[in-house]
>>> print(open('query-v5.txt').read())   # compact mmCIF, C-alpha atoms
# COMPACT_ATOMS: atom_id res chain seq x y z
CA MET A 1 -5.56 19.27 -37.53
CA THR A 2 -2.42 20.23 -35.61
CA ASN A 3 0.01 17.74 -34.18
CA ARG A 4 -1.16 18.47 -30.66
CA GLN A 5 -4.83 17.94 -31.52
CA ARG A 6 -4.02 14.65 -33.21
CA HIS A 7 -2.24 13.27 -30.16
CA TRP A 8 -4.70 14.21 -27.40
CA PRO A 9 -6.23 10.72 -27.09
CA ILE A 10 -2.75 9.27 -26.53
CA HIS A 11 -1.95 11.94 -23.96
CA LEU A 12 -5.26 11.30 -22.23
CA ALA A 13 -4.53 7.58 -22.06
CA LEU A 14 -1.02 8.24 -20.75
CA ILE A 15 -2.34 10.59 -18.07
CA ALA A 16 -4.85 7.93 -17.03
CA VAL A 17 -2.11 5.30 -16.80
CA CYS A 18 0.06 7.72 -14.78
CA LEU A 19 -2.79 8.33 -12.35
CA VAL A 20 -3.34 4.59 -11.93
CA MET A 21 0.38 4.11 -11.18
CA LEU A 22 0.43 7.02 -8.75
CA VAL A 23 -2.58 5.83 -6.74
CA PRO A 24 -0.55 3.50 -4.45
CA PHE A 25 1.92 6.33 -3.70
CA TYR A 26 -0.93 8.70 -2.97
CA TRP A 27 -2.55 6.07 -0.74
CA VAL A 28 0.63 5.60 1.27
CA LEU A 29 1.05 9.38 1.62
CA LYS A 30 -2.60 9.83 2.62
CA THR A 31 -2.48 7.06 5.23
CA SER A 32 0.78 8.40 6.66
CA VAL A 33 -0.97 11.64 7.65
CA SER A 34 -4.37 10.26 8.56
CA GLY A 35 -3.73 6.75 9.92
CA GLU A 36 -6.91 5.47 8.30
CA ASN A 37 -7.10 1.72 8.16
CA ILE A 38 -6.68 0.37 4.65
CA PHE A 39 -9.83 -1.71 5.10
CA ALA A 40 -11.95 1.29 6.10
CA TYR A 41 -15.21 1.46 4.21
CA PRO A 42 -16.14 3.60 2.47
CA PRO A 43 -12.55 4.55 1.61
CA SER A 44 -11.85 8.27 1.67
CA VAL A 45 -9.88 9.89 -1.12
CA ILE A 46 -9.17 13.02 0.89
CA PRO A 47 -7.41 12.36 4.23
CA ARG A 48 -9.56 12.97 7.31
CA ASP A 49 -7.96 15.18 9.99
CA PRO A 50 -4.42 15.02 8.53
CA HIS A 51 -1.52 15.56 10.94
CA PRO A 52 2.25 14.93 10.88
CA PHE A 53 2.51 13.13 14.23
CA TYR A 54 2.98 9.63 12.81
CA TYR A 55 6.29 10.90 11.40
CA VAL A 56 7.24 12.08 14.90
CA ASP A 57 6.31 8.64 16.29
CA VAL A 58 8.58 6.92 13.76
CA TRP A 59 11.46 9.27 14.48
CA TYR A 60 11.39 8.35 18.18
CA ALA A 61 10.20 4.73 18.01
CA ILE A 62 13.48 3.52 16.50
CA PRO A 63 16.93 5.13 16.14
CA PHE A 64 15.88 6.56 12.79
CA ALA A 65 18.75 9.04 12.50
CA ARG A 66 21.29 6.25 13.01
CA TYR A 67 19.66 3.98 10.43
CA PHE A 68 19.43 6.89 8.03
CA LEU A 69 23.13 7.66 8.47
CA ASN A 70 24.00 3.99 7.89
CA SER A 71 21.95 3.92 4.69
CA VAL A 72 23.51 7.16 3.48
CA VAL A 73 27.08 5.94 4.11
CA VAL A 74 26.47 2.54 2.49
CA SER A 75 24.73 4.11 -0.51
CA GLY A 76 27.50 6.71 -0.84
CA LEU A 77 30.17 4.00 -0.92
CA THR A 78 28.14 2.01 -3.44
CA ILE A 79 27.67 5.01 -5.72
CA VAL A 80 31.36 5.95 -5.74
CA ALA A 81 32.46 2.35 -6.32
CA ASN A 82 29.88 1.84 -9.06
CA VAL A 83 30.88 4.95 -10.98
CA VAL A 84 34.62 4.19 -10.76
CA LEU A 85 34.58 0.42 -11.30
CA ASN A 86 31.82 0.35 -13.90
CA ALA A 87 33.45 3.14 -15.91
CA MET A 88 36.70 1.18 -15.97
CA ALA A 89 34.94 -2.04 -16.96
CA GLY A 90 32.78 -0.27 -19.53
CA TYR A 91 35.82 1.37 -21.10
CA ALA A 92 37.66 -1.96 -21.25
CA LEU A 93 34.72 -3.50 -23.07
CA THR A 94 34.88 -0.83 -25.78
CA GLN A 95 38.43 -1.94 -26.63
CA VAL A 96 39.36 -4.78 -28.97
CA PHE A 97 40.98 -7.74 -27.23
CA PRO A 98 40.98 -11.54 -27.54
CA GLY A 99 38.01 -13.17 -25.80
CA LYS A 100 35.94 -9.97 -25.69
CA GLN A 101 32.86 -11.74 -27.03
CA PHE A 102 33.27 -14.46 -24.40
CA ILE A 103 33.50 -11.86 -21.63
CA LEU A 104 30.38 -10.10 -22.89
CA THR A 105 28.50 -13.42 -23.03
CA LEU A 106 29.73 -14.26 -19.55
CA PHE A 107 28.51 -10.92 -18.23
CA LEU A 108 25.11 -11.35 -19.84
CA SER A 109 24.72 -14.86 -18.52
CA CYS A 110 25.79 -13.78 -15.02
CA MET A 111 22.90 -11.29 -15.03
CA MET A 112 20.55 -14.26 -14.91
CA ILE A 113 21.95 -15.53 -11.60
CA PRO A 114 19.89 -14.11 -8.73
CA PHE A 115 21.75 -12.60 -5.79
CA GLN A 116 20.16 -15.13 -3.45
CA ALA A 117 22.09 -17.88 -5.25
CA THR A 118 25.43 -16.22 -4.53
CA ILE A 119 24.70 -15.01 -1.03
CA ILE A 120 26.62 -17.81 0.77
CA PRO A 121 29.90 -17.26 -1.12
CA ALA A 122 29.38 -13.50 -0.76
CA TYR A 123 29.00 -13.94 2.99
CA LEU A 124 32.05 -16.19 3.25
CA ILE A 125 34.22 -13.80 1.21
CA THR A 126 33.08 -10.81 3.22
CA GLY A 127 33.72 -12.74 6.42
CA LYS A 128 37.23 -13.76 5.29
CA LEU A 129 37.97 -10.12 4.52
CA GLY A 130 36.84 -9.21 8.03
CA LEU A 131 34.20 -6.84 6.70
CA LEU A 132 31.06 -8.27 8.28
CA ASP A 133 29.13 -5.71 10.29
CA SER A 134 30.96 -2.81 8.62
CA TYR A 135 29.96 -0.15 6.09
CA LEU A 136 32.39 -1.52 3.53
CA GLY A 137 31.04 -5.03 3.95
CA LEU A 138 27.46 -3.81 3.56
CA ALA A 139 28.30 -2.05 0.32
CA LEU A 140 30.68 -4.63 -1.13
CA PRO A 141 28.30 -6.91 -3.11
CA LEU A 142 26.86 -3.90 -4.94
CA PHE A 143 30.22 -2.34 -5.79
CA SER A 144 29.78 -3.23 -9.44
CA THR A 145 26.67 -4.23 -11.34
CA ILE A 146 26.59 -5.65 -14.84
CA ILE A 147 23.69 -3.52 -16.04
CA CYS A 148 25.57 -0.37 -15.10
CA ILE A 149 28.71 -1.65 -16.85
CA PHE A 150 26.68 -1.97 -20.05
CA VAL A 151 25.26 1.52 -19.53
CA PHE A 152 28.83 2.87 -19.51
CA LYS A 153 29.82 0.66 -22.43
CA ALA A 154 26.91 1.95 -24.53
CA SER A 155 27.79 5.53 -23.66
CA PHE A 156 31.51 5.07 -24.41
CA ASP A 157 30.70 3.29 -27.69
CA ALA A 158 28.97 6.49 -28.83
CA VAL A 159 32.21 8.48 -28.43
CA PRO A 160 34.04 8.77 -31.78
CA ARG A 161 37.05 6.48 -32.00
CA SER A 162 39.12 9.33 -33.44
CA LEU A 163 38.76 11.26 -30.19
CA ILE A 164 40.38 8.44 -28.21
CA ASP A 165 43.11 8.07 -30.83
CA ALA A 166 43.79 11.81 -30.63
CA ALA A 167 44.07 11.56 -26.83
CA ARG A 168 46.55 8.71 -27.20
CA VAL A 169 48.59 10.71 -29.70
CA ASP A 170 48.64 13.55 -27.15
CA GLY A 171 50.20 11.12 -24.69
CA LEU A 172 47.30 10.48 -22.32
CA SER A 173 47.34 7.17 -20.45
CA GLU A 174 44.28 4.90 -20.62
CA TRP A 175 43.42 5.90 -17.07
CA ARG A 176 43.40 9.59 -17.96
CA ILE A 177 41.49 8.95 -21.17
CA ILE A 178 38.69 7.49 -19.06
CA TRP A 179 38.55 10.39 -16.61
CA LYS A 180 39.51 13.34 -18.80
CA VAL A 181 37.92 12.38 -22.12
CA MET A 182 35.25 9.73 -21.70
CA MET A 183 33.61 10.64 -18.39
CA PRO A 184 32.81 14.27 -19.28
CA LEU A 185 31.07 12.93 -22.38
CA ALA A 186 29.14 10.30 -20.41
CA LYS A 187 27.27 12.41 -17.84
CA SER A 188 24.02 10.61 -18.58
CA ALA A 189 25.67 7.25 -17.91
CA VAL A 190 27.09 8.61 -14.66
CA ALA A 191 23.63 9.85 -13.61
CA THR A 192 22.12 6.48 -14.47
CA ASN A 193 24.81 4.70 -12.45
CA VAL A 194 24.28 7.02 -9.50
CA ILE A 195 20.51 6.59 -9.46
CA LEU A 196 20.44 2.84 -10.04
CA SER A 197 23.19 2.04 -7.56
CA PHE A 198 21.60 4.36 -4.99
CA ILE A 199 18.16 2.78 -5.33
CA TRP A 200 19.52 -0.77 -5.23
CA SER A 201 21.68 -0.03 -2.23
CA TRP A 202 19.06 2.05 -0.41
CA ASN A 203 16.34 -0.60 -0.76
CA ASN A 204 18.61 -3.58 -0.16
CA PHE A 205 17.19 -5.76 2.59
CA MET A 206 18.58 -9.27 2.23
CA TRP A 207 22.31 -8.49 2.35
CA PRO A 208 22.24 -6.06 5.32
CA LEU A 209 20.06 -8.58 7.16
CA ILE A 210 22.80 -11.18 6.77
CA ALA A 211 25.90 -9.02 7.00
CA THR A 212 25.00 -6.93 10.06
CA ARG A 213 25.26 -8.21 13.60
CA SER A 214 24.91 -5.12 15.75
CA GLN A 215 21.84 -2.94 15.87
CA ASP A 216 23.97 0.14 15.25
CA MET A 217 24.91 -1.05 11.76
CA GLN A 218 21.38 -1.69 10.54
CA THR A 219 20.02 0.20 7.56
CA LEU A 220 16.56 1.67 6.99
CA PRO A 221 14.92 -1.42 5.40
CA LEU A 222 15.99 -3.45 8.44
CA GLY A 223 14.70 -0.67 10.68
CA LEU A 224 11.36 -0.92 8.90
CA ALA A 225 11.20 -4.67 9.54
CA ARG A 226 12.13 -4.10 13.18
CA PHE A 227 9.54 -1.35 13.50
CA ILE A 228 6.79 -3.64 12.22
CA SER A 229 7.85 -6.44 14.55
CA TYR A 230 7.36 -4.56 17.81
CA GLN A 231 4.83 -1.82 17.21
CA GLU A 232 1.12 -2.36 17.55
CA ASP A 233 -1.45 -0.31 15.70
CA THR A 234 1.13 0.85 13.20
CA THR A 235 -1.07 1.79 10.26
CA GLY A 236 -0.25 5.50 10.20
CA ALA A 237 3.29 5.21 11.55
CA LEU A 238 4.14 2.33 9.22
CA TYR A 239 3.09 4.33 6.17
CA ALA A 240 4.96 7.36 7.50
CA PHE A 241 8.05 5.19 7.81
CA CYS A 242 7.61 4.04 4.21
CA ILE A 243 7.44 7.66 3.04
CA MET A 244 10.58 8.53 5.03
CA VAL A 245 12.45 5.60 3.45
CA LEU A 246 11.19 6.33 -0.06
CA ALA A 247 11.68 10.10 -0.04
CA PRO A 248 15.46 10.26 -0.69
CA GLY A 249 15.24 7.90 -3.68
CA ILE A 250 12.32 9.78 -5.20
CA LEU A 251 14.09 13.09 -4.63
CA LEU A 252 17.26 11.84 -6.30
CA PHE A 253 15.31 10.50 -9.26
CA LEU A 254 13.39 13.75 -9.69
CA LEU A 255 16.63 15.71 -9.56
CA ALA A 256 18.37 13.65 -12.23
CA GLN A 257 15.53 12.12 -14.24
CA LYS A 258 16.56 13.83 -17.49
CA GLU A 259 20.10 12.43 -17.31
CA PHE A 260 18.76 9.09 -16.11
CA VAL A 261 16.50 8.62 -19.14
CA GLN A 262 19.27 9.81 -21.49
CA GLY A 263 21.69 7.35 -19.92
CA LEU A 264 19.33 4.40 -20.32
CA THR A 265 18.53 5.22 -23.95
CA THR A 266 22.09 6.01 -25.07
CA GLY A 267 22.97 3.60 -27.83
CA ALA A 268 19.40 2.31 -28.01
CA THR A 269 19.07 3.42 -31.63
CA LYS A 270 22.65 2.66 -32.56
CA GLY A 271 23.21 0.47 -35.60
CA MET B 1 28.20 25.31 -9.69
CA ILE B 2 24.80 26.76 -8.72
CA ASN B 3 22.43 24.15 -10.06
CA ARG B 4 19.62 21.97 -8.76
CA PHE B 5 22.05 19.33 -7.48
CA VAL B 6 23.52 21.94 -5.13
CA LEU B 7 20.47 24.09 -4.41
CA VAL B 8 18.08 21.31 -3.37
CA PRO B 9 20.42 19.51 -0.92
CA GLY B 10 21.59 22.92 0.32
CA ALA B 11 18.01 24.00 0.99
CA LEU B 12 17.33 20.73 2.82
CA VAL B 13 20.42 21.15 4.99
CA LEU B 14 19.39 24.73 5.77
CA ILE B 15 15.89 23.62 6.77
CA ALA B 16 17.38 20.89 8.99
CA ILE B 17 19.69 23.39 10.71
CA VAL B 18 16.88 25.90 11.32
CA TRP B 19 14.60 23.15 12.63
CA ASN B 20 17.27 21.84 15.01
CA ILE B 21 17.95 25.32 16.34
CA PHE B 22 14.23 25.71 16.96
CA VAL B 23 14.08 22.33 18.72
CA PHE B 24 17.07 23.07 20.97
CA THR B 25 15.58 26.37 22.07
CA HIS B 26 12.08 24.99 22.74
CA ASN B 27 12.62 21.62 24.42
CA HIS B 28 12.49 22.37 28.12
CA GLY B 29 9.54 20.06 28.76
CA VAL B 30 7.19 22.84 29.88
CA VAL B 31 3.50 22.01 29.51
CA SER B 32 1.04 24.57 30.76
CA GLY B 33 -2.66 25.23 30.45
CA ARG B 34 -5.86 25.96 32.29
CA VAL B 35 -8.70 23.99 33.84
CA VAL B 36 -12.25 25.33 33.64
CA ASP B 37 -15.69 24.06 34.55
CA GLN B 38 -18.63 23.57 32.20
CA ALA B 39 -19.47 27.27 32.40
CA GLY B 40 -15.89 28.26 31.54
CA ALA B 41 -14.98 29.50 35.01
CA PRO B 42 -11.46 28.67 36.31
CA VAL B 43 -11.30 25.70 38.66
CA VAL B 44 -9.05 26.22 41.68
CA GLY B 45 -7.35 23.27 43.33
CA ALA B 46 -8.07 20.69 40.61
CA GLU B 47 -5.60 17.83 40.41
CA VAL B 48 -3.92 17.70 37.00
CA LYS B 49 -1.89 14.64 35.95
CA LEU B 50 0.63 14.27 33.16
CA TRP B 51 0.55 10.89 31.38
CA VAL B 52 3.44 9.87 29.15
CA PHE B 53 3.18 7.28 26.39
CA ASN B 54 5.40 4.31 27.17
CA PHE B 55 5.56 1.84 24.27
CA VAL B 56 1.94 0.65 24.41
CA THR B 57 0.23 2.53 27.22
CA PHE B 58 0.26 5.84 29.09
CA ASN B 59 1.99 5.98 32.48
CA GLU B 60 1.56 8.71 35.06
CA ARG B 61 4.55 11.03 35.03
CA GLY B 62 3.54 13.62 37.61
CA SER B 63 0.70 15.63 39.09
CA THR B 64 0.06 19.19 40.20
CA GLN B 65 -2.73 21.44 41.46
CA THR B 66 -4.29 24.33 39.60
CA GLY B 67 -3.74 27.85 40.94
CA ALA B 68 -6.19 30.65 41.67
CA ASP B 69 -6.71 31.32 37.96
CA GLY B 70 -7.11 27.61 37.12
CA SER B 71 -3.68 27.40 35.51
CA PHE B 72 -1.16 24.61 35.88
CA THR B 73 2.39 23.93 34.66
CA PHE B 74 4.55 20.85 34.28
CA THR B 75 8.25 21.40 33.75
CA ASP B 76 9.59 17.90 33.19
CA ASN B 77 7.72 16.41 30.25
CA PRO B 78 10.16 14.07 28.46
CA SER B 79 7.83 12.83 25.72
CA HIS B 80 6.22 13.82 22.41
CA ASN B 81 3.02 11.85 23.02
CA ILE B 82 1.23 12.75 26.25
CA GLN B 83 -2.17 12.99 27.86
CA LEU B 84 -3.39 15.42 30.49
CA SER B 85 -6.11 14.62 32.97
CA ALA B 86 -7.79 16.94 35.46
CA GLU B 87 -10.20 16.15 38.27
CA LYS B 88 -11.95 18.01 41.04
CA PRO B 89 -14.48 16.24 43.28
CA GLY B 90 -17.91 17.75 42.92
CA ILE B 91 -17.12 19.44 39.59
CA GLY B 92 -15.99 16.64 37.29
CA ARG B 93 -13.02 15.43 35.32
CA SER B 94 -11.44 15.55 31.90
CA ARG B 95 -8.67 13.88 29.93
CA ILE B 96 -7.18 15.00 26.62
CA PRO B 97 -4.42 13.71 24.33
CA VAL B 98 -1.64 16.15 23.41
CA ARG B 99 0.66 15.43 20.46
CA LEU B 100 3.92 17.34 20.18
CA TYR B 101 6.25 17.89 17.23
CA PHE B 102 9.31 16.79 19.22
CA ARG B 103 10.22 15.45 22.65
CA SER B 104 9.95 17.86 25.57
CA GLU B 105 8.41 20.54 23.37
CA ASP B 106 7.33 23.59 25.35
CA ILE B 107 3.62 24.08 24.89
CA VAL B 108 0.79 26.20 26.17
CA LEU B 109 -2.56 24.51 25.58
CA ALA B 110 -4.75 26.54 23.28
CA GLU B 111 -7.92 25.03 24.72
CA PRO B 112 -8.43 24.56 28.50
CA LEU B 113 -9.32 21.24 30.08
CA ARG B 114 -13.06 21.44 30.63
CA LEU B 115 -14.24 19.41 33.62
CA SER B 116 -17.42 17.46 33.13
CA ARG B 117 -19.51 15.23 35.39
CA ASP B 118 -20.42 12.88 32.54
CA PHE B 119 -16.83 12.35 31.37
CA ASP B 120 -16.63 8.71 30.23
CA GLY B 121 -12.88 8.33 30.54
CA LYS B 122 -12.10 8.08 26.83
>>> encode(input="query-v5.txt", output="structure tokens")
Amino acid sequence: MTNRQRHWPIHLALIAVCLVMLVPFYWVLKTSVSGENIFAYPPSVIPRDPHPFYYVDVWYAIPFARYFLNSVVVSGLTIVANVVLNAMAGYALTQVFPGKQFILTLFLSCMMIPFQATIIPAYLITGKLGLLDSYLGLALPLFSTIICIFVFKASFDAVPRSLIDAARVDGLSEWRIIWKVMMPLAKSAVATNVILSFIWSWNNFMWPLIATRSQDMQTLPLGLARFISYQEDTTGALYAFCIMVLAPGILLFLLAQKEFVQGLTTGATKG
Amino acid sequence: MINRFVLVPGALVLIAIVWNIFVFTHNHGVVSGRVVDQAGAPVVGAEVKLWVFNFVTFNERGSTQTGADGSFTFTDNPSHNIQLSAEKPGIGRSRIPVRLYFRSEDIVLAEPLRLSRDFDGK
């Protein structure tokens, strides 16, 4: 019995699980082109009379292009800040210094505090900085995330110590060691940072709801809430909106899924 | 530097540019078509109305009369979601929804409005 023949029941089970997980996505996609009510009975697997006009309705019902631009700018800022700041923090945590264990414990314990618990101080700080209702203010709370710092730390830990020592002997500063030596060896960690920070920023609802005041600064999740609040009979258009919001994140993940998985599993088997 | 991270966004940008060029060259708001009777003969002098979707309902935008060959044209459609109605006393009436891919899309109706005496208004 070959290896492939031995594993077919597992593959079959995995395919079945995948199909179960993909059903909600398929349902959203199907409804976005057919507008069928979710309570319709009997439910149809194949969309009846599919057409793209619900997408057109969404495009014109709200200033979609503006919201999309806002989301792109905020996500772009978040991605850049996450890669830079998390790489610096991750590199620092690979070094030996007094209180390192305390810092690591502090980071891990801070992960347990939900964002909702810190939203008032976050708002006050952003307000004091004069960044409310601005792109920078919208991106600020997600500029650095602890999970992503640990992703960089795990990736940097896998780099041989002798390589860093050699760079120091060659006269490179710590700053240049990060960017010239460590980062090229941590592409998976960078991809993981990019994807995670993008998804968190792109789907963020609570913070933009609080930090924005003008309609022009709203992001797509807020646009979705607004769309639901004033449109009647939104079944098809609502699902089309969901697809339009989800598409960039799915596309980014599909583009970089190999690096993403590598980044998350780097250091998983270490020790 | 030619990899999927460049090719995919590049292809998307290219598609967006081509689509926008198409939109800008086909958005004059021209809606034209024909009105025929049950037998398929052109109806002269039928009143055709353009209805534009306005938030929750359709409002009348304009009206015109069909010509000798039963054809009509509107030149100021601002919407992407419209309805067309046609009526001629003694022959009947008709009303059809027309969905467009973008606002003010120029369109020639593939099927004529067919007037009917038993049109129920839906």
>>> atom_distance(input="query-v5.txt", atom1="atom CA of Asp157 of chain A", atom2="atom CA of Pro184 of chain A")
14.0 Å
>>> interface_residues(input="query-v5.txt", of="chain B", to="chain A", cutoff="9 Å", atoms="all atoms listed in the file", output="number ranges by chain")
B: 4-5, 8, 55-56, 80-81, 99-103
>>> closest_atom_pairs(input="query-v5.txt", of="segment 45-99 of chain B", to="segment 106-118 of chain B", cutoff="6 Å", atoms="all atoms listed in the file", output="tab-separated table")
residue	atom	partner	partner_atom	distance
B:Gly92	CA	B:Arg117	CA	4.2
B:Arg93	CA	B:Leu115	CA	4.5
B:Ser94	CA	B:Leu115	CA	5.1
>>> residues_around(input="query-v5.txt", residues="Arg61 of chain B", least_positions_apart="6", cutoff="9 Å", atoms="only C-alpha atoms", output="PyMOL selection string")
chain B and resi 49-52+76-77
>>> residues_around(input="query-v5.txt", residues="segment 177-180 of chain A", least_positions_apart="6", cutoff="9 Å", atoms="only C-alpha atoms", output="PyMOL selection string")
chain A and resi 87-88+91+164+167-168
>>> atom_distance(input="query-v5.txt", atom1="atom CA of Phe24 of chain B", atom2="atom CA of Asn54 of chain B")
22.9 Å
>>> closest_residue(input="query-v5.txt", among="B:Met1, B:Val48, B:Val36, B:Val98", to="Thr73 of chain B", atoms="only C-alpha atoms")
B:Val48
>>> residues_near_point(input="query-v5.txt", point="(26.4, 3.6, -2.4)", cutoff="10 Å", atoms="only C-alpha atoms", output="ChimeraX atom specification")
/A:71-83,135-136,138-140,142-143,194-202
>>> atom_distance(input="query-v5.txt", atom1="atom CA of Lys187 of chain A", atom2="atom CA of Glu259 of chain A")
7.2 Å
>>> axis_aligned_box(input="query-v5.txt", around="segment 262-265 of chain A", padding_each_side="4 Å", output="AutoDock Vina command-line options")
--center_x 20.1 --center_y 7.1 --center_z -21.9 --size_x 11.2 --size_y 13.4 --size_z 12.0
>>> closest_atom_pairs(input="query-v5.txt", of="segment 45-121 of chain A", to="segment 12-31 of chain A", cutoff="10 Å", atoms="all atoms listed in the file", output="JSON lines")
{"residue": "A:Val45", "atom": "CA", "partner": "A:Lys30", "partner_atom": "CA", "distance": 8.2}
{"residue": "A:Ile46", "atom": "CA", "partner": "A:Lys30", "partner_atom": "CA", "distance": 7.5}
{"residue": "A:Pro47", "atom": "CA", "partner": "A:Lys30", "partner_atom": "CA", "distance": 5.7}
{"residue": "A:Arg48", "atom": "CA", "partner": "A:Lys30", "partner_atom": "CA", "distance": 9.0}
{"residue": "A:Pro50", "atom": "CA", "partner": "A:Lys30", "partner_atom": "CA", "distance": 8.1}
{"residue": "A:Tyr54", "atom": "CA", "partner": "A:Thr31", "partner_atom": "CA", "distance": 9.7}
>>> residues_around(input="query-v5.txt", residues="Asp49 of chain A", least_positions_apart="6", cutoff="10 Å", atoms="only C-alpha atoms", output="PDB file with C-alpha atoms, in the coordinates of the input")
ATOM      1  CA  VAL A  33      -0.970  11.640   7.650  1.00  0.00           C
ATOM      2  CA  SER A  34      -4.370  10.260   8.560  1.00  0.00           C
ATOM      3  CA  GLY A  35      -3.730   6.750   9.920  1.00  0.00           C
ATOM      4  CA  GLU A  36      -6.910   5.470   8.300  1.00  0.00           C
TER       5      GLU A  36
END
>>> closest_residue(input="query-v5.txt", among="B:Glu105, B:Asp37, B:Glu60, B:Glu47", to="Thr75 of chain B", atoms="only C-alpha atoms")
B:Glu105
